[in-house]
$ cat my_file17.txt   # compact mmCIF, C-alpha atoms
# COMPACT_ATOMS: atom_id res chain seq x y z
CA MET A 1 32.81 -15.73 15.75
CA SER A 2 29.62 -14.03 14.68
CA THR A 3 27.04 -16.04 12.78
CA GLU A 4 24.90 -12.98 12.23
CA THR A 5 23.68 -12.61 8.65
CA SER A 6 24.34 -9.29 6.98
CA LEU A 7 21.33 -7.25 5.92
CA ARG A 8 23.03 -5.27 3.15
CA PRO A 9 23.36 -8.06 0.51
CA PHE A 10 19.69 -8.89 0.98
CA VAL A 11 18.62 -5.26 0.48
CA VAL A 12 20.86 -4.97 -2.60
CA ARG A 13 19.35 -8.15 -4.07
CA VAL A 14 15.82 -6.83 -3.45
CA LEU A 15 16.64 -3.55 -5.20
CA LEU A 16 18.19 -5.40 -8.15
CA LEU A 17 15.27 -7.80 -8.48
CA LEU A 18 12.58 -5.16 -8.08
CA PRO A 19 12.84 -3.68 -11.62
CA LEU A 20 12.78 -7.17 -13.14
CA ALA A 21 9.79 -8.16 -11.03
CA PHE A 22 7.99 -4.93 -11.95
CA ALA A 23 8.68 -5.43 -15.66
CA LEU A 24 7.42 -9.03 -15.57
CA TRP A 25 4.34 -7.98 -13.58
CA TYR A 26 3.53 -5.13 -15.97
CA PHE A 27 3.94 -7.11 -19.18
CA THR A 28 1.94 -10.09 -17.88
CA ALA A 29 -0.84 -7.93 -16.40
CA ALA A 30 -3.54 -9.44 -18.62
CA TRP A 31 -2.73 -12.92 -17.26
CA HIS A 32 -2.42 -12.23 -13.54
CA LEU A 33 -5.36 -9.81 -13.52
CA ALA A 34 -7.68 -12.22 -15.35
CA PRO A 35 -8.41 -14.53 -12.36
CA VAL A 36 -8.75 -11.51 -10.05
CA VAL A 37 -11.33 -9.94 -12.39
CA TRP A 38 -13.12 -13.28 -12.86
CA LEU A 39 -13.50 -13.86 -9.11
CA SER A 40 -14.47 -10.24 -8.43
CA GLU A 41 -17.14 -10.39 -11.13
CA LEU A 42 -18.47 -13.68 -9.77
CA ILE A 43 -18.79 -12.19 -6.28
CA LEU A 44 -20.24 -8.85 -7.39
CA ARG A 45 -22.79 -10.30 -9.80
CA SER A 46 -23.94 -12.83 -7.20
CA TRP A 47 -24.14 -10.15 -4.51
CA MET A 48 -25.78 -7.34 -6.50
CA PRO A 49 -26.99 -8.70 -9.86
CA ASP A 50 -29.30 -5.71 -10.38
CA ALA A 51 -26.39 -3.24 -10.12
CA VAL A 52 -23.50 -4.89 -11.96
CA ALA A 53 -23.88 -5.87 -15.62
CA ASP A 54 -20.32 -6.75 -16.51
CA LEU A 55 -16.75 -6.54 -15.31
CA ARG A 56 -13.90 -7.04 -17.73
CA LEU A 57 -10.41 -5.99 -18.65
CA ARG A 58 -9.86 -3.54 -21.47
CA GLY A 59 -6.12 -3.65 -21.95
CA ASP A 60 -4.69 -2.98 -18.49
CA ALA A 61 -7.80 -1.04 -17.44
CA LEU A 62 -10.77 -2.48 -15.59
CA LEU A 63 -14.19 -1.73 -17.06
CA LEU A 64 -17.22 -1.92 -14.78
CA VAL A 65 -20.52 -1.85 -16.69
CA THR A 66 -23.49 -1.07 -14.45
CA HIS A 67 -27.25 -1.45 -14.72
CA PHE A 68 -27.52 2.33 -14.34
CA GLY A 69 -27.63 4.99 -17.02
CA GLU A 70 -28.60 8.54 -17.82
CA VAL A 71 -32.05 9.13 -19.25
CA GLY A 72 -33.24 12.68 -19.79
CA GLY A 73 -30.37 14.05 -17.72
CA ARG A 74 -31.23 11.83 -14.74
CA LEU A 75 -29.46 8.74 -13.47
CA VAL A 76 -31.82 5.77 -13.43
CA ALA A 77 -31.65 2.05 -12.84
CA ASN A 78 -32.18 -0.30 -15.82
CA PRO A 79 -31.73 2.25 -18.64
CA PRO A 80 -32.55 1.45 -22.28
CA PRO A 81 -30.11 -0.96 -23.97
CA GLY A 82 -26.79 0.66 -24.79
CA GLU A 83 -27.18 3.44 -22.23
CA ASN A 84 -25.45 1.62 -19.38
CA LEU A 85 -22.91 3.62 -17.41
CA GLY A 86 -19.37 2.26 -17.47
CA PHE A 87 -16.41 3.12 -15.26
CA LEU A 88 -12.74 2.58 -16.06
CA SER A 89 -10.16 2.14 -13.32
CA ASN A 90 -6.57 1.01 -12.99
CA PRO A 91 -6.34 -2.41 -11.28
CA LEU A 92 -2.53 -2.32 -11.29
CA SER A 93 -2.62 0.45 -8.68
CA TYR A 94 -3.52 -2.14 -6.04
CA SER A 95 -1.73 -5.20 -7.39
CA TYR A 96 1.84 -3.86 -7.20
CA SER A 97 2.18 -6.03 -4.09
CA LEU A 98 2.92 -8.99 -6.42
CA PRO A 99 6.31 -7.71 -7.69
CA VAL A 100 7.24 -6.39 -4.22
CA PHE A 101 6.65 -9.81 -2.65
CA ALA A 102 8.35 -11.62 -5.55
CA ALA A 103 11.47 -9.44 -5.18
CA LEU A 104 11.56 -10.04 -1.41
CA ALA A 105 11.02 -13.80 -1.81
CA LEU A 106 13.59 -14.26 -4.58
CA ALA A 107 16.14 -12.14 -2.70
CA THR A 108 15.86 -14.34 0.37
CA PRO A 109 18.87 -16.67 0.49
CA GLY A 110 18.78 -20.36 1.23
CA ARG A 111 17.20 -23.34 -0.41
CA ARG A 112 14.70 -22.23 -3.04
CA GLN A 113 11.27 -23.19 -1.82
CA TRP A 114 9.00 -22.32 -4.68
CA TRP A 115 5.88 -23.21 -2.75
CA ARG A 116 6.46 -20.18 -0.51
CA LEU A 117 6.69 -17.88 -3.51
CA LEU A 118 3.62 -19.43 -5.15
CA ALA A 119 1.62 -19.45 -1.90
CA GLY A 120 2.49 -15.79 -1.30
CA LEU A 121 1.49 -14.80 -4.84
CA ALA A 122 -1.77 -16.76 -4.57
CA ILE A 123 -2.66 -15.03 -1.29
CA LEU A 124 -1.79 -11.65 -2.80
CA MET A 125 -4.14 -12.32 -5.70
CA LEU A 126 -6.93 -12.94 -3.20
CA VAL A 127 -5.98 -9.68 -1.50
CA ALA A 128 -6.16 -8.00 -4.93
CA VAL A 129 -9.72 -9.35 -5.23
CA ALA A 130 -10.56 -7.65 -1.90
CA SER A 131 -8.98 -4.40 -3.11
CA MET A 132 -10.82 -4.60 -6.44
CA LEU A 133 -14.16 -5.22 -4.73
CA ALA A 134 -13.57 -2.32 -2.32
CA THR A 135 -12.70 -0.01 -5.22
CA LEU A 136 -15.74 -1.06 -7.25
CA LEU A 137 -18.07 -0.65 -4.26
CA LYS A 138 -16.73 2.86 -3.77
CA THR A 139 -17.41 3.59 -7.46
CA LEU A 140 -20.97 2.34 -7.14
CA ALA A 141 -21.69 4.04 -3.81
CA PHE A 142 -20.15 7.42 -4.62
CA ASP A 143 -19.86 7.77 -8.42
CA VAL A 144 -23.22 6.20 -9.28
CA GLY A 145 -24.32 7.50 -5.89
CA SER A 146 -27.89 7.94 -4.73
CA VAL A 147 -29.54 5.69 -7.36
CA PHE A 148 -27.33 2.78 -6.37
CA VAL A 149 -27.71 3.50 -2.65
CA ALA A 150 -31.51 3.61 -3.00
CA GLN A 151 -31.60 0.43 -5.09
CA GLN A 152 -29.48 -1.49 -2.59
CA GLN A 153 -31.26 0.14 0.38
CA TRP A 154 -27.94 1.17 1.84
CA GLY A 155 -27.86 3.42 4.90
CA ALA A 156 -25.17 5.83 6.02
CA LEU A 157 -23.36 2.98 7.78
CA ALA A 158 -23.01 0.95 4.59
CA ARG A 159 -21.78 4.00 2.66
CA ASN A 160 -19.23 4.80 5.35
CA GLY A 161 -18.23 1.13 5.34
CA ALA A 162 -17.66 1.29 1.57
CA ALA A 163 -15.54 4.44 1.97
CA MET A 164 -13.48 2.83 4.71
CA ALA A 165 -13.09 -0.41 2.74
CA TYR A 166 -11.86 1.62 -0.22
CA GLN A 167 -9.21 3.35 1.89
CA PHE A 168 -8.09 0.03 3.36
CA GLY A 169 -8.23 -1.79 0.04
CA SER A 170 -6.51 0.79 -2.12
CA LEU A 171 -3.98 2.31 0.30
CA LEU A 172 -3.15 -0.09 3.08
CA LEU A 173 -3.59 -3.66 1.80
CA PRO A 174 -1.32 -3.41 -1.27
CA MET A 175 1.35 -1.77 0.85
CA VAL A 176 1.28 -4.02 3.90
CA THR A 177 0.43 -7.51 2.64
CA PRO A 178 3.66 -8.30 0.72
CA VAL A 179 5.75 -7.37 3.74
CA VAL A 180 3.56 -9.27 6.22
CA LEU A 181 3.57 -12.33 3.98
CA TRP A 182 7.33 -12.20 3.60
CA LEU A 183 7.77 -11.92 7.39
CA ALA A 184 5.43 -14.87 7.93
CA LEU A 185 6.68 -17.16 5.14
CA TYR A 186 10.39 -16.49 5.56
CA ARG A 187 10.62 -16.27 9.34
CA GLY A 188 13.55 -18.69 9.34
CA TYR A 189 15.63 -16.11 7.46
CA LEU A 190 14.26 -13.37 9.67
CA ALA A 191 15.55 -15.31 12.68
CA GLU A 192 19.02 -15.31 11.08
CA LEU A 193 18.82 -11.59 10.31
CA ALA A 194 17.56 -10.59 13.74
CA PRO A 195 18.12 -13.26 16.39
CA GLY A 196 16.81 -10.89 19.08
CA ILE A 197 13.36 -10.73 17.56
CA ALA A 198 13.24 -14.46 16.88
CA SER A 199 13.87 -15.22 20.56
CA ARG A 200 11.02 -12.87 21.50
CA TRP A 201 8.63 -14.62 19.11
CA ARG A 202 9.65 -18.02 20.46
CA GLY A 203 9.19 -16.79 24.01
CA ALA A 204 5.76 -15.35 23.24
CA ARG A 205 4.13 -18.69 22.48
CA MET B 1 4.99 -14.96 15.89
CA GLY B 2 1.21 -15.43 16.05
CA ARG B 3 0.99 -12.90 18.87
CA PHE B 4 3.09 -10.43 16.89
CA LEU B 5 0.94 -10.78 13.76
CA PHE B 6 -2.31 -10.46 15.70
CA LEU B 7 -1.14 -7.37 17.57
CA PHE B 8 0.41 -5.89 14.44
CA ILE B 9 -2.80 -6.24 12.40
CA PHE B 10 -4.93 -4.98 15.29
CA LEU B 11 -2.74 -1.88 15.82
CA LEU B 12 -2.52 -1.28 12.09
CA ALA B 13 -6.29 -1.40 11.56
CA THR B 14 -6.95 0.75 14.63
CA MET B 15 -4.42 3.45 13.75
CA PHE B 16 -5.50 3.50 10.12
CA ALA B 17 -9.17 3.87 11.12
CA ILE B 18 -8.21 6.73 13.48
CA GLU B 19 -6.22 8.37 10.68
CA MET B 20 -9.34 8.33 8.50
CA LEU B 21 -11.45 10.26 11.02
CA GLN B 22 -12.32 13.75 9.81
CA PRO B 23 -11.00 15.59 12.92
CA VAL B 24 -7.68 13.71 12.65
CA GLN B 25 -7.49 14.50 8.94
CA ARG B 26 -8.27 18.16 9.58
CA HIS B 27 -6.03 18.77 12.60
CA VAL B 28 -3.15 16.33 12.04
CA VAL B 29 -2.88 14.82 8.55
CA LEU B 30 -3.63 17.91 6.46
CA PRO B 31 -1.31 20.25 8.45
CA TRP B 32 1.39 17.58 8.29
CA THR B 33 0.89 17.23 4.51
CA SER B 34 1.13 21.03 4.10
CA LEU B 35 4.30 21.06 6.19
CA LEU B 36 5.71 18.34 3.93
CA ALA B 37 4.85 20.42 0.85
CA ASP B 38 6.53 23.47 2.44
CA ALA B 39 9.64 21.44 3.29
CA SER B 40 9.80 20.00 -0.25
CA GLY B 41 9.28 23.46 -1.75
CA TRP B 42 12.00 24.94 0.48
CA LEU B 43 14.43 22.20 -0.57
CA MET B 44 13.59 22.64 -4.24
CA ARG B 45 13.98 26.41 -4.09
CA LEU B 46 17.58 25.89 -2.95
CA PHE B 47 18.38 24.98 -6.56
CA ASP B 48 15.25 26.00 -8.50
CA ASP B 49 13.42 29.31 -8.10
CA GLN B 50 10.59 28.27 -10.44
CA VAL B 51 8.66 26.40 -7.75
CA ALA B 52 5.70 27.66 -5.72
CA VAL B 53 3.91 26.03 -2.78
CA SER B 54 0.33 26.61 -1.69
CA GLY B 55 -1.05 24.36 1.04
CA LYS B 56 -0.40 20.79 -0.08
CA ILE B 57 0.10 21.79 -3.73
CA ILE B 58 3.52 22.28 -5.34
CA SER B 59 3.48 24.08 -8.69
CA SER B 60 5.87 25.13 -11.39
CA THR B 61 5.81 28.88 -12.01
CA VAL B 62 6.78 28.44 -15.67
CA LYS B 63 4.92 25.31 -16.80
CA PRO B 64 1.28 24.32 -16.27
CA PHE B 65 2.11 21.51 -13.86
CA SER B 66 1.33 20.96 -10.17
CA VAL B 67 1.40 18.05 -7.77
CA SER B 68 -0.98 17.71 -4.84
CA ILE B 69 0.22 15.62 -1.93
CA GLU B 70 -2.65 13.24 -1.18
CA PRO B 71 -3.25 10.36 1.26
CA GLY B 72 -0.75 7.63 0.51
CA CYS B 73 1.88 10.19 -0.55
CA ASN B 74 2.53 11.83 2.81
CA GLY B 75 4.35 8.92 4.44
CA VAL B 76 1.69 8.64 7.14
CA GLU B 77 0.56 5.15 6.11
CA ALA B 78 4.14 3.85 6.01
CA MET B 79 4.74 5.37 9.47
CA ILE B 80 1.57 3.65 10.74
CA VAL B 81 2.88 0.31 9.43
CA LEU B 82 6.22 0.83 11.16
CA VAL B 83 4.67 2.00 14.43
CA ALA B 84 2.35 -1.02 14.45
CA ALA B 85 5.27 -3.40 13.77
CA ILE B 86 7.55 -1.94 16.45
CA MET B 87 4.78 -1.67 19.04
CA ALA B 88 3.76 -5.29 18.39
CA VAL B 89 7.19 -6.60 19.38
CA ARG B 90 7.88 -7.15 23.07
CA ALA B 91 10.86 -4.88 23.63
CA PRO B 92 12.08 -2.32 26.18
CA LEU B 93 10.42 1.07 25.76
CA GLY B 94 13.74 2.81 25.05
CA TYR B 95 14.34 0.52 22.07
CA LYS B 96 10.87 1.20 20.75
CA ILE B 97 11.25 4.99 21.02
CA THR B 98 14.65 4.86 19.29
CA GLY B 99 13.20 2.71 16.51
CA LEU B 100 10.24 5.02 16.02
CA LEU B 101 12.41 8.15 15.88
CA GLY B 102 14.86 6.53 13.47
CA GLY B 103 11.97 5.24 11.38
CA PHE B 104 10.34 8.66 11.27
CA VAL B 105 13.55 10.22 9.94
CA ALA B 106 14.13 7.42 7.41
CA ILE B 107 10.58 7.31 6.07
CA GLN B 108 9.94 11.03 5.95
CA GLY B 109 13.44 11.69 4.54
CA LEU B 110 12.80 9.25 1.70
CA ASN B 111 9.32 10.68 1.28
CA LEU B 112 10.80 14.13 0.62
CA VAL B 113 12.97 12.53 -2.06
CA ARG B 114 9.82 10.90 -3.47
CA ILE B 115 7.89 14.19 -3.64
CA ILE B 116 10.74 16.14 -5.20
CA SER B 117 11.60 13.41 -7.72
CA LEU B 118 7.94 13.00 -8.70
CA PHE B 119 7.56 16.74 -9.23
CA TYR B 120 10.48 16.85 -11.67
CA LEU B 121 9.48 13.56 -13.28
CA GLY B 122 6.00 14.99 -13.88
CA LEU B 123 7.47 18.10 -15.47
CA TRP B 124 9.48 15.90 -17.79
CA ASP B 125 7.13 13.04 -18.73
CA ARG B 126 3.59 12.33 -17.56
CA GLU B 127 3.69 8.57 -18.17
CA SER B 128 6.91 8.09 -16.20
CA PHE B 129 5.37 10.17 -13.42
CA GLU B 130 2.31 7.90 -13.25
CA TRP B 131 4.48 4.78 -13.17
CA ALA B 132 6.77 6.08 -10.47
CA HIS B 133 3.90 7.56 -8.47
CA LEU B 134 1.51 4.60 -8.54
CA TYR B 135 3.94 1.69 -8.35
CA VAL B 136 7.66 2.30 -7.86
CA TRP B 137 7.64 4.81 -5.02
CA GLN B 138 4.88 2.96 -3.18
CA ALA B 139 7.12 -0.11 -3.22
CA LEU B 140 10.26 1.79 -2.20
CA ILE B 141 8.57 3.50 0.75
CA ILE B 142 7.24 0.24 2.20
CA LEU B 143 10.61 -1.43 1.62
CA ASP B 144 12.16 1.49 3.49
CA ALA B 145 9.84 0.80 6.43
CA LEU B 146 10.76 -2.91 6.28
CA VAL B 147 14.49 -2.17 6.25
CA VAL B 148 14.11 0.19 9.23
CA PHE B 149 12.22 -2.55 11.08
CA LEU B 150 14.88 -5.15 10.25
CA VAL B 151 17.73 -2.83 11.30
CA TRP B 152 15.90 -2.06 14.54
CA ALA B 153 15.19 -5.75 15.13
CA ARG B 154 18.89 -6.59 14.71
CA PHE B 155 19.73 -4.33 17.65
CA LEU B 156 17.25 -6.08 19.93
CA PRO B 157 18.99 -8.23 22.54
CA PRO B 158 17.68 -11.78 23.01
CA GLU B 159 14.89 -11.86 25.55
CA PRO B 160 16.10 -13.01 29.00
CA GLY B 161 15.06 -16.60 29.64
CA SER B 162 14.28 -17.32 25.99
CA GLY B 163 17.16 -19.77 25.70
CA ALA B 164 18.81 -17.82 22.87
CA VAL B 165 22.53 -17.14 23.20
CA ASP B 166 24.86 -14.77 21.44
CA ALA B 167 26.97 -16.52 18.82
$ encode --input "my_file17.txt" --output "C-alpha cells"
Amino acid sequence: MSTETSLRPFVVRVLLLLPLAFALWYFTAAWHLAPVVWLSELILRSWMPDAVADLRLRGDALLLVTHFGEVGGRLVANPPPGENLGFLSNPLSYSYSLPVFAALALATPGRRQWWRLLAGLAILMLVAVASMLATLLKTLAFDVGSVFVAQQQWGALARNGAAMAYQFGSLLLPMVTPVVLWLALYRGYLAELAPGIASRWRGAR
Amino acid sequence: MGRFLFLFIFLLATMFAIEMLQPVQRHVVLPWTSLLADASGWLMRLFDDQVAVSGKIISSTVKPFSVSIEPGCNGVEAMIVLVAAIMAVRAPLGYKITGLLGGFVAIQGLNLVRIISLFYLGLWDRESFEWAHLYVWQALIILDALVVFLVWARFLPPEPGSGAVDA
C-alpha cells in the first residue's frame, strides 16, 4: 500500500484559493500596507532625516516626500516650503507575496495551525519593509540623484549597493520568500509529499 | 533542512548577483530575452499576422501598443530559484540534471504563455494588463517553479542509510 500523498489536489487547492487571496489582499491593501509604511518611514527618517520629509499612502500608492526640490531649474536640498519633490510608487508590486503564501498555507492539508499562517504573514510584512526601503533608496539615489548622493556623501559603492538592493528587493524577495517560508513552516507536509527529500534533510543534520 | 536553506539562499544570492553583472546582462540575459521575444512573436504569427518583433519588443502593427520583455519577465529569476533549490538538495547528479532540464521546459514554456497572454491582454485592457503583469503572472511563475521542485523531489529515492523506508 502506498502512503504517498498526491500532489495534484494540493496544486488545485492553491489555484482555487489564489484568486480569493489576491482579492482579499487587494481590497485590504490600506490595512496591510499601513504597518509596512509606518516602519519604513520610522527607519528612513531616523537614518536620513535631512533627505526624507514624509512617507505615506495615497490610496494604494506610496508617496515619498523628500527634502529636495527644484529651484531655478536646479535640484537643491531644503527648497522653499511647498517645493518639495514627491515620488509615487506602487507598493503592491512587492507585497504580492502575502496572497501567494496565504494560498499555499491554506491549501496545505492537515490540522489548521493558524500560528504558521500568521507567522508567515508577519515575516512577509517585514520582507515588504525591506523591499520598500530598497525601492525608496533607489528612488533617492537615482531619481533625486547627485544632490542626494552629495548630501549623504555616498560613493560609487553605496550607489551600486542601492541598485543591487533594489533588484533584490523588487524582483527576488517577493518571488522567493513565500515559497521558502512555506517550505520551512510546512515541512511536515513536504515530507509526506516527497519522502525522498525529507530523508535527505534528516540525514543532513 | 537548515543545510538546504543555507545553501539555497547562498546559491540564490550568488547567481542573482552574477545575473546582474553588466557582461552577463549583455552576453546572456539580453540575447536570451530577445530569443524569447522572437519565439513569442513566431508563435503569435501562427494565428495573428499583426505582430512585429524587434529585439526584446513585441508590437502590434495595427494598434499603438508594444510590450518590452524586461528583467523579471524573462523567466531567468524563476530559473535561478529552481536551480538554487535543486542544487541545494543532496541528490545524484543525474537526478539534478533531469530536474533542471524539466524545470527549464516547464518555466520557459509557461513564460511564453505569460508573454503572449500579456500582449493580448494589454491590447484589450490596460488595467487588466497591469494586474496580470505585476501580480498574477509573477505568482503563477513562482508556483510553477515550486511545483516542478515538488514533482522532482517526489522522484528522489530515500537516501541510503537515512532510515527511511518505502511504504
$ interface_residues --input "my_file17.txt" --of "chain B" --to "chain A" --cutoff "6 Å" --atoms "only C-alpha atoms" --output "NGL selection string"
:B and (1 or 134 or 153-154 or 156-159 or 162 or 167)
$ write_last_selection --input "my_file17.txt" --atoms "C-alpha atoms" --output "PDB file, in the frame of the given file"
ATOM      1  CA  MET B   1       4.990 -14.960  15.890  1.00  0.00           C
ATOM      2  CA  LEU B 134       1.510   4.600  -8.540  1.00  0.00           C
ATOM      3  CA  ALA B 153      15.190  -5.750  15.130  1.00  0.00           C
ATOM      4  CA  ARG B 154      18.890  -6.590  14.710  1.00  0.00           C
ATOM      5  CA  LEU B 156      17.250  -6.080  19.930  1.00  0.00           C
ATOM      6  CA  PRO B 157      18.990  -8.230  22.540  1.00  0.00           C
ATOM      7  CA  PRO B 158      17.680 -11.780  23.010  1.00  0.00           C
ATOM      8  CA  GLU B 159      14.890 -11.860  25.550  1.00  0.00           C
ATOM      9  CA  SER B 162      14.280 -17.320  25.990  1.00  0.00           C
ATOM     10  CA  ALA B 167      26.970 -16.520  18.820  1.00  0.00           C
TER      11      ALA B 167
END
$ atom_distance --input "my_file17.txt" --atom1 "CA of Trp124 (chain B)" --atom2 "CA of Arg45 (chain B)"
17.8 Å
$ residues_around --input "my_file17.txt" --residues "region 80-86 of chain A" --least-positions-apart "4" --cutoff "7 Å" --atoms "only C-alpha atoms" --output "list in words"
Leu63, Leu64, Val65, Thr66, His67, Phe68, Gly69 and Glu70 of chain A
$ atom_distance --input "my_file17.txt" --atom1 "CA of Phe104 (chain B)" --atom2 "CA of Asp38 (chain B)"
17.7 Å
$ closest_atom_pairs --input "my_file17.txt" --of "region 7-76 of chain B" --to "region 81-100 of chain B" --cutoff "7 Å" --atoms "all atoms listed in the file" --output "Markdown table"
| residue | atom | partner | partner_atom | distance |
| --- | --- | --- | --- | --- |
| B:Leu7 | CA | B:Ala88 | CA | 5.4 |
| B:Phe8 | CA | B:Ala88 | CA | 5.2 |
| B:Leu11 | CA | B:Ala84 | CA | 5.3 |
| B:Leu12 | CA | B:Ala84 | CA | 5.4 |
$ residues_around --input "my_file17.txt" --residues "Trp32 (chain B)" --least-positions-apart "6" --cutoff "12 Å" --atoms "all atoms listed in the file" --output "PyMOL selection string"
chain B and resi 24-26+38-39+55-56+69-71+73-76+108
$ closest_residue --input "my_file17.txt" --among "A:Met48, A:Ala103, A:Leu118, A:Ala165" --to "Leu24 (chain A)" --atoms "all atoms listed in the file"
A:Ala103
$ atom_distance --input "my_file17.txt" --atom1 "CA of Gly41 (chain B)" --atom2 "CA of Ser68 (chain B)"
12.2 Å
$ residues_around --input "my_file17.txt" --residues "region 115-120 of chain B" --least-positions-apart "6" --cutoff "7 Å" --atoms "only C-alpha atoms" --output "NGL selection string"
:B and (40 or 67 or 129 or 133)
$ closest_residue --input "my_file17.txt" --among "B:Leu112, B:Met79, B:Leu5, B:Ala106" --to "Met44 (chain B)" --atoms "all atoms listed in the file"
B:Leu112
$ closest_residue --input "my_file17.txt" --among "A:Val36, A:Ala51, A:Leu136, A:Leu20" --to "Val76 (chain A)" --atoms "only C-alpha atoms"
A:Ala51
$ residues_around --input "my_file17.txt" --residues "Lys63 (chain B)" --least-positions-apart "6" --cutoff "10 Å" --atoms "only C-alpha atoms" --output "PyMOL selection string"
chain B and resi 50-51+123
$ closest_residue --input "my_file17.txt" --among "A:Ala162, A:Ala77, A:Leu173, A:Ala119" --to "Val144 (chain A)" --atoms "all atoms listed in the file"
A:Ala77
$ decode --input "my_file17.txt" --residues "region 82-113 of chain B" --atoms "C-alpha atoms" --output "mmCIF file, in the first residue's frame"
data_model
loop_
_atom_site.group_PDB
_atom_site.id
_atom_site.type_symbol
_atom_site.label_atom_id
_atom_site.label_comp_id
_atom_site.auth_asym_id
_atom_site.auth_seq_id
_atom_site.Cartn_x
_atom_site.Cartn_y
_atom_site.Cartn_z
ATOM 1 C CA LEU B 82 14.755 26.439 -9.227
ATOM 2 C CA VAL B 83 18.451 25.853 -9.942
ATOM 3 C CA ALA B 84 19.351 27.009 -6.421
ATOM 4 C CA ALA B 85 16.697 24.723 -4.876
ATOM 5 C CA ILE B 86 17.707 21.625 -6.858
ATOM 6 C CA MET B 87 21.434 22.208 -6.390
ATOM 7 C CA ALA B 88 20.944 22.674 -2.637
ATOM 8 C CA VAL B 89 19.484 19.184 -2.240
ATOM 9 C CA ARG B 90 21.908 16.285 -1.864
ATOM 10 C CA ALA B 91 20.953 14.110 -4.817
ATOM 11 C CA PRO B 92 22.656 12.124 -7.594
ATOM 12 C CA LEU B 93 23.850 14.330 -10.450
ATOM 13 C CA GLY B 94 21.605 12.568 -12.987
ATOM 14 C CA TYR B 95 18.526 13.481 -10.936
ATOM 15 C CA LYS B 96 19.655 17.080 -10.719
ATOM 16 C CA ILE B 97 20.244 17.377 -14.475
ATOM 17 C CA THR B 98 16.852 15.813 -15.226
ATOM 18 C CA GLY B 99 15.166 18.201 -12.798
ATOM 19 C CA LEU B 100 16.906 21.219 -14.276
ATOM 20 C CA LEU B 101 16.015 20.270 -17.858
ATOM 21 C CA GLY B 102 12.398 19.551 -16.929
ATOM 22 C CA GLY B 103 12.244 22.783 -14.956
ATOM 23 C CA PHE B 104 13.678 24.775 -17.844
ATOM 24 C CA VAL B 105 10.978 23.453 -20.184
ATOM 25 C CA ALA B 106 8.179 23.999 -17.636
ATOM 26 C CA ILE B 107 9.208 27.518 -16.631
ATOM 27 C CA GLN B 108 10.089 28.823 -20.068
ATOM 28 C CA GLY B 109 7.014 27.138 -21.603
ATOM 29 C CA LEU B 110 4.749 28.880 -19.104
ATOM 30 C CA ASN B 111 6.705 32.081 -19.594
ATOM 31 C CA LEU B 112 5.869 32.038 -23.309
ATOM 32 C CA VAL B 113 2.207 31.706 -22.339
#
